[in-house]
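Trainee: PDB, C-alpha atoms, file model.pdb:
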```pdb
ATOM      1  CA  MET A 654       3.938   5.812   0.814  1.00  0.00           C
ATOM      2  CA  LYS A 655       6.795   6.391   3.179  1.00  0.00           C
ATOM      3  CA  PRO A 656       7.187   3.867   6.023  1.00  0.00           C
ATOM      4  CA  SER A 657       6.413   5.305   9.432  1.00  0.00           C
ATOM      5  CA  SER A 658       9.179   5.651  11.980  1.00  0.00           C
ATOM      6  CA  SER A 659       7.807   2.636  13.848  1.00  0.00           C
ATOM      7  CA  LEU A 660       8.602   0.352  10.915  1.00  0.00           C
ATOM      8  CA  LYS A 661      12.120  -1.036  10.946  1.00  0.00           C
ATOM      9  CA  LEU A 662      14.113  -1.462   7.738  1.00  0.00           C
ATOM     10  CA  ILE A 663      15.353  -5.019   7.965  1.00  0.00           C
ATOM     11  CA  GLY A 664      16.579  -5.635   4.456  1.00  0.00           C
ATOM     12  CA  SER A 665      16.965  -4.322   0.943  1.00  0.00           C
ATOM     13  CA  THR A 666      18.016  -5.721  -2.391  1.00  0.00           C
ATOM     14  CA  ARG A 667      19.387  -3.775  -5.324  1.00  0.00           C
ATOM     15  CA  ALA A 668      20.616  -4.765  -8.753  1.00  0.00           C
ATOM     16  CA  LEU A 669      23.909  -3.397  -9.985  1.00  0.00           C
ATOM     17  CA  GLY A 670      24.838  -2.647 -13.582  1.00  0.00           C
ATOM     18  CA  THR A 671      27.555  -5.294 -13.331  1.00  0.00           C
ATOM     19  CA  GLY A 672      25.007  -8.120 -13.364  1.00  0.00           C
ATOM     20  CA  LYS A 673      25.363  -8.675  -9.641  1.00  0.00           C
ATOM     21  CA  ILE A 674      22.820  -8.216  -6.911  1.00  0.00           C
ATOM     22  CA  VAL A 675      23.574  -6.885  -3.466  1.00  0.00           C
ATOM     23  CA  VAL A 676      21.592  -7.740  -0.362  1.00  0.00           C
ATOM     24  CA  ASN A 677      22.317  -5.260   2.386  1.00  0.00           C
ATOM     25  CA  ASN A 678      20.926  -3.735   5.568  1.00  0.00           C
ATOM     26  CA  VAL A 679      19.815  -7.115   6.865  1.00  0.00           C
ATOM     27  CA  GLU A 680      19.518  -6.612  10.588  1.00  0.00           C
ATOM     28  CA  GLU A 681      18.697  -8.954  13.426  1.00  0.00           C
ATOM     29  CA  ALA A 682      15.099  -8.352  14.444  1.00  0.00           C
ATOM     30  CA  LYS A 683      14.261 -10.479  17.476  1.00  0.00           C
ATOM     31  CA  ASP A 684      10.684  -9.204  17.598  1.00  0.00           C
ATOM     32  CA  TYR A 685       9.870 -11.004  14.341  1.00  0.00           C
ATOM     33  CA  VAL A 686       8.427 -14.446  14.917  1.00  0.00           C
ATOM     34  CA  ILE A 687       9.611 -16.029  11.668  1.00  0.00           C
ATOM     35  CA  PRO A 688      13.334 -16.844  12.015  1.00  0.00           C
ATOM     36  CA  PHE A 689      15.513 -15.381   9.269  1.00  0.00           C
ATOM     37  CA  LYS A 690      12.457 -13.856   7.573  1.00  0.00           C
ATOM     38  CA  SER A 691      14.511 -10.934   6.268  1.00  0.00           C
ATOM     39  CA  PHE A 692      17.232 -13.138   4.867  1.00  0.00           C
ATOM     40  CA  PHE A 693      14.852 -15.380   2.952  1.00  0.00           C
ATOM     41  CA  HIS A 694      12.806 -12.425   1.745  1.00  0.00           C
ATOM     42  CA  GLU A 695      15.918 -10.804   0.276  1.00  0.00           C
ATOM     43  CA  LEU A 696      17.206 -14.138  -1.022  1.00  0.00           C
ATOM     44  CA  GLY A 697      13.917 -14.445  -2.890  1.00  0.00           C
ATOM     45  CA  HIS A 698      14.666 -11.161  -4.660  1.00  0.00           C
ATOM     46  CA  ALA A 699      18.131 -12.463  -5.561  1.00  0.00           C
ATOM     47  CA  ILE A 700      16.735 -15.702  -7.008  1.00  0.00           C
ATOM     48  CA  ASP A 701      14.141 -13.697  -8.920  1.00  0.00           C
ATOM     49  CA  PHE A 702      16.934 -11.532 -10.358  1.00  0.00           C
ATOM     50  CA  PHE A 703      19.261 -14.336 -11.424  1.00  0.00           C
ATOM     51  CA  ALA A 704      16.418 -16.432 -12.885  1.00  0.00           C
ATOM     52  CA  GLY A 705      15.603 -13.677 -15.381  1.00  0.00           C
ATOM     53  CA  SER A 706      17.277 -13.466 -18.752  1.00  0.00           C
ATOM     54  CA  GLY A 707      19.905 -10.750 -19.092  1.00  0.00           C
ATOM     55  CA  ASN A 708      20.011 -10.270 -15.330  1.00  0.00           C
ATOM     56  CA  LYS A 709      16.592  -8.699 -15.073  1.00  0.00           C
ATOM     57  CA  PHE A 710      13.974  -9.710 -12.559  1.00  0.00           C
ATOM     58  CA  LEU A 711      11.985 -12.688 -13.842  1.00  0.00           C
ATOM     59  CA  SER A 712       8.884 -11.385 -12.045  1.00  0.00           C
ATOM     60  CA  ILE A 713       8.887  -8.365 -14.364  1.00  0.00           C
ATOM     61  CA  TYR A 714       7.941 -10.686 -17.212  1.00  0.00           C
ATOM     62  CA  PHE A 715       5.934 -13.384 -15.443  1.00  0.00           C
ATOM     63  CA  ARG A 716       2.257 -12.999 -16.298  1.00  0.00           C
ATOM     64  CA  TYR A 717      -0.647 -14.484 -14.436  1.00  0.00           C
ATOM     65  CA  THR A 718      -4.204 -14.564 -15.748  1.00  0.00           C
ATOM     66  CA  SER A 719      -7.148 -14.230 -13.391  1.00  0.00           C
ATOM     67  CA  TYR A 720     -10.300 -12.219 -12.838  1.00  0.00           C
ATOM     68  CA  GLU A 721      -9.483  -8.721 -11.647  1.00  0.00           C
ATOM     69  CA  PHE A 722     -11.636  -6.897  -9.135  1.00  0.00           C
ATOM     70  CA  ILE A 723     -11.135  -3.187  -8.502  1.00  0.00           C
ATOM     71  CA  ALA A 724     -12.298  -1.780  -5.180  1.00  0.00           C
ATOM     72  CA  ARG A 725     -14.538   1.270  -5.096  1.00  0.00           C
ATOM     73  CA  THR A 726     -16.944   2.840  -2.656  1.00  0.00           C
ATOM     74  CA  GLU A 727     -20.690   3.274  -2.649  1.00  0.00           C
ATOM     75  CA  LEU A 728     -23.016   5.002  -0.228  1.00  0.00           C
ATOM     76  CA  SER A 729     -25.274   3.036   2.077  1.00  0.00           C
ATOM     77  CA  ASP A 730     -27.392   5.350   4.238  1.00  0.00           C
ATOM     78  CA  SER A 731     -24.889   7.468   6.169  1.00  0.00           C
ATOM     79  CA  THR A 732     -21.901   5.159   5.738  1.00  0.00           C
ATOM     80  CA  ILE A 733     -19.527   4.191   2.984  1.00  0.00           C
ATOM     81  CA  ALA A 734     -19.625   0.613   1.758  1.00  0.00           C
ATOM     82  CA  ARG A 735     -17.007  -1.276  -0.207  1.00  0.00           C
ATOM     83  CA  ALA A 736     -17.902  -2.648  -3.641  1.00  0.00           C
ATOM     84  CA  TYR A 737     -15.912  -4.141  -6.481  1.00  0.00           C
ATOM     85  CA  ASP A 738     -16.001  -3.710 -10.225  1.00  0.00           C
ATOM     86  CA  SER A 739     -14.931  -6.740 -12.215  1.00  0.00           C
ATOM     87  CA  LYS A 740     -12.662  -6.057 -15.160  1.00  0.00           C
ATOM     88  CA  GLY A 741     -13.016  -9.654 -16.281  1.00  0.00           C
ATOM     89  CA  GLU A 742     -10.117 -11.965 -16.965  1.00  0.00           C
ATOM     90  CA  GLN A 743      -6.827 -10.068 -17.082  1.00  0.00           C
ATOM     91  CA  ALA A 744      -3.238 -11.104 -17.771  1.00  0.00           C
ATOM     92  CA  LYS A 745      -0.897  -9.037 -15.599  1.00  0.00           C
ATOM     93  CA  ILE A 746       2.591  -9.348 -14.207  1.00  0.00           C
ATOM     94  CA  ILE A 747       2.758 -10.178 -10.524  1.00  0.00           C
ATOM     95  CA  HIS A 748       3.769  -6.601  -9.629  1.00  0.00           C
ATOM     96  CA  GLU A 749       0.580  -5.312 -11.250  1.00  0.00           C
ATOM     97  CA  TRP A 750      -1.517  -7.856  -9.354  1.00  0.00           C
ATOM     98  CA  ALA A 751       0.215  -6.844  -6.121  1.00  0.00           C
ATOM     99  CA  ALA A 752      -0.433  -3.149  -6.816  1.00  0.00           C
ATOM    100  CA  ASN A 753      -4.121  -3.958  -7.329  1.00  0.00           C
ATOM    101  CA  ASP A 754      -4.156  -5.853  -4.016  1.00  0.00           C
ATOM    102  CA  VAL A 755      -2.590  -2.856  -2.286  1.00  0.00           C
ATOM    103  CA  ARG A 756      -5.149  -0.449  -3.779  1.00  0.00           C
ATOM    104  CA  ASN A 757      -7.991  -2.720  -2.630  1.00  0.00           C
ATOM    105  CA  GLU A 758      -6.502  -2.947   0.855  1.00  0.00           C
ATOM    106  CA  LEU A 759      -6.158   0.843   1.048  1.00  0.00           C
ATOM    107  CA  TYR A 760      -9.829   1.229   0.172  1.00  0.00           C
ATOM    108  CA  GLU A 761     -10.788  -1.313   2.842  1.00  0.00           C
ATOM    109  CA  VAL A 762      -8.753   0.475   5.514  1.00  0.00           C
ATOM    110  CA  GLY A 763      -9.964   3.897   4.371  1.00  0.00           C
ATOM    111  CA  ILE A 764     -13.613   2.867   4.512  1.00  0.00           C
ATOM    112  CA  ASP A 765     -13.167   1.462   8.016  1.00  0.00           C
ATOM    113  CA  PHE A 766     -11.464   4.707   9.076  1.00  0.00           C
ATOM    114  CA  LEU A 767     -14.197   6.941   7.643  1.00  0.00           C
ATOM    115  CA  ASN A 768     -17.060   4.870   9.057  1.00  0.00           C
ATOM    116  CA  ASP A 769     -15.652   5.166  12.578  1.00  0.00           C
ATOM    117  CA  PRO A 770     -17.571   8.067  14.196  1.00  0.00           C
ATOM    118  CA  ALA A 771     -14.512   8.918  16.300  1.00  0.00           C
ATOM    119  CA  ASN A 772     -12.664  10.118  13.199  1.00  0.00           C
ATOM    120  CA  LEU A 773     -13.052  13.501  11.469  1.00  0.00           C
ATOM    121  CA  GLN A 774     -15.211  14.778  14.363  1.00  0.00           C
ATOM    122  CA  SER A 775     -14.018  18.347  13.940  1.00  0.00           C
ATOM    123  CA  PHE A 776     -15.317  18.544  10.367  1.00  0.00           C
ATOM    124  CA  GLN A 777     -18.885  18.813   9.139  1.00  0.00           C
ATOM    125  CA  ILE A 778     -18.788  16.507   6.138  1.00  0.00           C
ATOM    126  CA  THR A 779     -21.339  14.180   4.606  1.00  0.00           C
ATOM    127  CA  ALA A 780     -20.934  10.541   3.616  1.00  0.00           C
ATOM    128  CA  GLN A 781     -20.715  11.742   0.004  1.00  0.00           C
ATOM    129  CA  ASP A 782     -17.860  14.076   0.994  1.00  0.00           C
ATOM    130  CA  LYS A 783     -16.073  11.179   2.698  1.00  0.00           C
ATOM    131  CA  GLN A 784     -16.452   9.059  -0.413  1.00  0.00           C
ATOM    132  CA  ASP A 785     -14.992  11.829  -2.574  1.00  0.00           C
ATOM    133  CA  TYR A 786     -12.104  12.512  -0.181  1.00  0.00           C
ATOM    134  CA  LEU A 787     -11.193   8.839   0.081  1.00  0.00           C
ATOM    135  CA  LYS A 788     -10.815   8.548  -3.687  1.00  0.00           C
ATOM    136  CA  ILE A 789      -8.606  11.651  -3.720  1.00  0.00           C
ATOM    137  CA  VAL A 790      -6.386  10.323  -0.919  1.00  0.00           C
ATOM    138  CA  ILE A 791      -5.897   6.864  -2.417  1.00  0.00           C
ATOM    139  CA  GLU A 792      -5.575   7.748  -6.075  1.00  0.00           C
ATOM    140  CA  ASP A 793      -3.858  11.156  -5.856  1.00  0.00           C
ATOM    141  CA  TYR A 794      -1.747  10.721  -2.726  1.00  0.00           C
ATOM    142  CA  PHE A 795      -0.958   7.018  -2.352  1.00  0.00           C
ATOM    143  CA  PHE A 796      -0.882   6.084  -6.033  1.00  0.00           C
ATOM    144  CA  SER A 797       0.116   9.223  -7.923  1.00  0.00           C
ATOM    145  CA  GLY A 798       3.863   8.626  -7.710  1.00  0.00           C
ATOM    146  CA  ILE A 799       4.365  12.075  -6.167  1.00  0.00           C
ATOM    147  CA  GLY A 800       1.958  11.578  -3.282  1.00  0.00           C
ATOM    148  CA  TRP A 801       4.553  11.975  -0.530  1.00  0.00           C
ATOM    149  CA  ALA A 802       5.716  15.310  -1.966  1.00  0.00           C
ATOM    150  CA  LYS A 803       2.094  16.469  -2.188  1.00  0.00           C
ATOM    151  CA  TYR A 804       1.538  15.309   1.400  1.00  0.00           C
ATOM    152  CA  ASP A 805       4.539  17.346   2.593  1.00  0.00           C
ATOM    153  CA  LEU A 806       2.930  20.470   1.141  1.00  0.00           C
ATOM    154  CA  ILE A 807      -0.309  20.052   3.101  1.00  0.00           C
ATOM    155  CA  LYS A 808       1.149  19.397   6.555  1.00  0.00           C
ATOM    156  CA  ASN A 809       0.905  23.021   7.675  1.00  0.00           C
ATOM    157  CA  SER A 810      -2.027  24.100   5.555  1.00  0.00           C
ATOM    158  CA  ASN A 811      -4.906  26.100   7.020  1.00  0.00           C
ATOM    159  CA  LEU A 812      -7.326  24.992   4.314  1.00  0.00           C
ATOM    160  CA  THR A 813     -10.076  22.732   5.691  1.00  0.00           C
ATOM    161  CA  ARG A 814     -10.051  20.550   2.579  1.00  0.00           C
ATOM    162  CA  LEU A 815      -6.344  19.789   2.955  1.00  0.00           C
ATOM    163  CA  LYS A 816      -6.688  19.166   6.696  1.00  0.00           C
ATOM    164  CA  ILE A 817      -9.316  16.510   5.946  1.00  0.00           C
ATOM    165  CA  ILE A 818      -7.065  14.906   3.333  1.00  0.00           C
ATOM    166  CA  LYS A 819      -4.170  14.840   5.804  1.00  0.00           C
ATOM    167  CA  GLU A 820      -6.283  13.274   8.558  1.00  0.00           C
ATOM    168  CA  ILE A 821      -7.547  10.531   6.241  1.00  0.00           C
ATOM    169  CA  TYR A 822      -4.032   9.903   4.876  1.00  0.00           C
ATOM    170  CA  ASP A 823      -2.575   9.666   8.392  1.00  0.00           C
ATOM    171  CA  GLY A 824      -5.366   7.365   9.570  1.00  0.00           C
ATOM    172  CA  ILE A 825      -4.857   4.969   6.681  1.00  0.00           C
ATOM    173  CA  GLN A 826      -1.084   4.969   7.093  1.00  0.00           C
ATOM    174  CA  ILE A 827      -1.272   4.176  10.812  1.00  0.00           C
ATOM    175  CA  GLU A 828      -3.648   1.258  10.253  1.00  0.00           C
ATOM    176  CA  ILE A 829      -1.641  -0.125   7.324  1.00  0.00           C
ATOM    177  CA  SER A 830       1.533   0.047   9.441  1.00  0.00           C
ATOM    178  CA  ASN A 831      -0.269  -1.825  12.232  1.00  0.00           C
ATOM    179  CA  ARG A 832      -1.371  -4.530   9.815  1.00  0.00           C
ATOM    180  CA  LEU A 833       2.154  -4.961   8.490  1.00  0.00           C
ATOM    181  CA  THR A 834       3.492  -5.761  11.956  1.00  0.00           C
ATOM    182  CA  ASP A 835       1.321  -8.896  12.028  1.00  0.00           C
ATOM    183  CA  GLN A 836       3.497 -11.660  10.591  1.00  0.00           C
ATOM    184  CA  ASP A 837       0.490 -13.821   9.769  1.00  0.00           C
ATOM    185  CA  ASN A 838      -1.260 -11.083   7.816  1.00  0.00           C
ATOM    186  CA  ILE A 839      -1.440 -11.677   4.071  1.00  0.00           C
ATOM    187  CA  SER A 840      -0.684  -8.013   3.421  1.00  0.00           C
ATOM    188  CA  ASN A 841       2.952  -8.715   4.312  1.00  0.00           C
ATOM    189  CA  LEU A 842       3.262 -10.208   0.831  1.00  0.00           C
ATOM    190  CA  ALA A 843       2.923  -6.685  -0.561  1.00  0.00           C
ATOM    191  CA  LYS A 844       5.139  -4.984   2.010  1.00  0.00           C
ATOM    192  CA  ASP A 845       7.679  -3.871  -0.592  1.00  0.00           C
ATOM    193  CA  ILE A 846       4.929  -2.008  -2.416  1.00  0.00           C
ATOM    194  CA  TYR A 847       3.442  -0.468   0.735  1.00  0.00           C
ATOM    195  CA  GLY A 848       6.859   0.800   1.724  1.00  0.00           C
ATOM    196  CA  GLY A 849       7.901   1.843  -1.771  1.00  0.00           C
TER     197      GLY A 849
END
```
Kindly present the structure from the file in C-alpha cells form.

Mentor:
Amino acid sequence: MKPSSSLKLIGSTRALGTGKIVVNNVEEAKDYVIPFKSFFHELGHAIDFFAGSGNKFLSIYFRYTSYEFIARTELSDSTIARAYDSKGEQAKIIHEWAANDVRNELYEVGIDFLNDPANLQSFQITAQDKQDYLKIVIEDYFFSGIGWAKYDLIKNSNLTRLKIIKEIYDGIQIEISNRLTDQDNISNLAKDIYGG
C-alpha cells in the first residue's frame, strides 16, 4: 500500500552491503506528540540490525509462539460481520505476526466501510457481493505484492466491477491513514508494513 499524500515521511533506515546502517530523512515533525519519535523508531531499526549475526536484522530470525487468529467475514442478515479462524499455536517471526495483524486490521476497516450505508450508494450490490469484493481488495490488492500496480490500472476503468474495487480500496486506505495519525493507536506499531 502506498502512503497517501497526507502522510509525512519522517524517517527511513536502510542496510548497506558494507555492514553499516544509515538512518536518513529524519525530519522535525512538531505535530507529533511523542518527542523524538522518529529518531527512536529509526534507532530501534539500527539496534535490531547490529544485534543480528552477520549484520542481518535480528527480528528476521526471532520467533514468537502464540495462537494465531485469521480474520474473515461472514454474513449476518444484510451486513457483513467479522469472524476469526484459529490456526492454533503458531511459531512465526515478528514480521509475520505483524503482517497478520495488518491483515486483520484491514478486514476490520473494510467491514466498517462496507456496512456504512453511505458508501457504495451508486452500486446495486448485495451483502454477499460486498463480502466477495472485500476479500478481493484485501488479498489481491493490499497483499498481492503487486497491488499498487493493479490499482493504477483500474483508476480510469469504466467497468463497474473495477469501480467498486477502487471505491473499497480508497475507503480502506483513507481510514487506515486516519488511524495512523493517532499516536496512541496500537496500529502505529505496524506502520512500516502499512506504508511498505

Trainee: To verify the selection step, state as an MDAnalysis selection string which residues the PyMOL selection byres ((chain A and resi 787-796) around 10) yields on this input.

Mentor: chainID A and resid 654:655 725:726 733 752 755:757 759:760 763:764 766:767 781:786 797:804 817:822 825:826 847

Trainee: How many Å lie between atom CA of Lys740 of chain A and atom CA of Glu721 of chain A, rounded to one decimal?

Mentor: 5.4 Å

Trainee: Atom CA of Thr732 of chain A and atom CA of Ile827 of chain A are how many Å apart?

Mentor: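 Separating atom CA of Thr732 of chain A from atom CA of Ile827 of chain A is a distance of 21.3 Å.
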
Trainee: Just give me the gap between atom CA of Val762 of chain A and atom CA of Ala734 of chain A in Å, one decimal is fine.

Mentor: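 Atom CA of Ala734 of chain A lies at a distance of 11.5 Å from atom CA of Val762 of chain A.
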
Trainee: Can you tell me, as an MDAnalysis selection string, what residues are no more than 12 Å from Glu742 of chain A when counting all atoms listed in the file, ignoring any on the same chain fewer than 4 positions away?

Mentor: chainID A and resid 717:722

Trainee: Which of these, A:Ile713, A:Leu815, A:Ile807, A:Ala771, has the shortest distance to Trp750 of chain A once you count only C-alpha atoms?

Mentor: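 So, comparing all the options, the nearest one is A:Ile713.
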
Trainee: Taking all atoms listed in the file into account, name the residue in A:Lys816, A:Gly697, A:Phe702, A:Lys808 that is nearest to Ser775 of chain A.

Mentor: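 The shortest atom-to-atom distance to Ser775 of chain A comes from A:Lys816.
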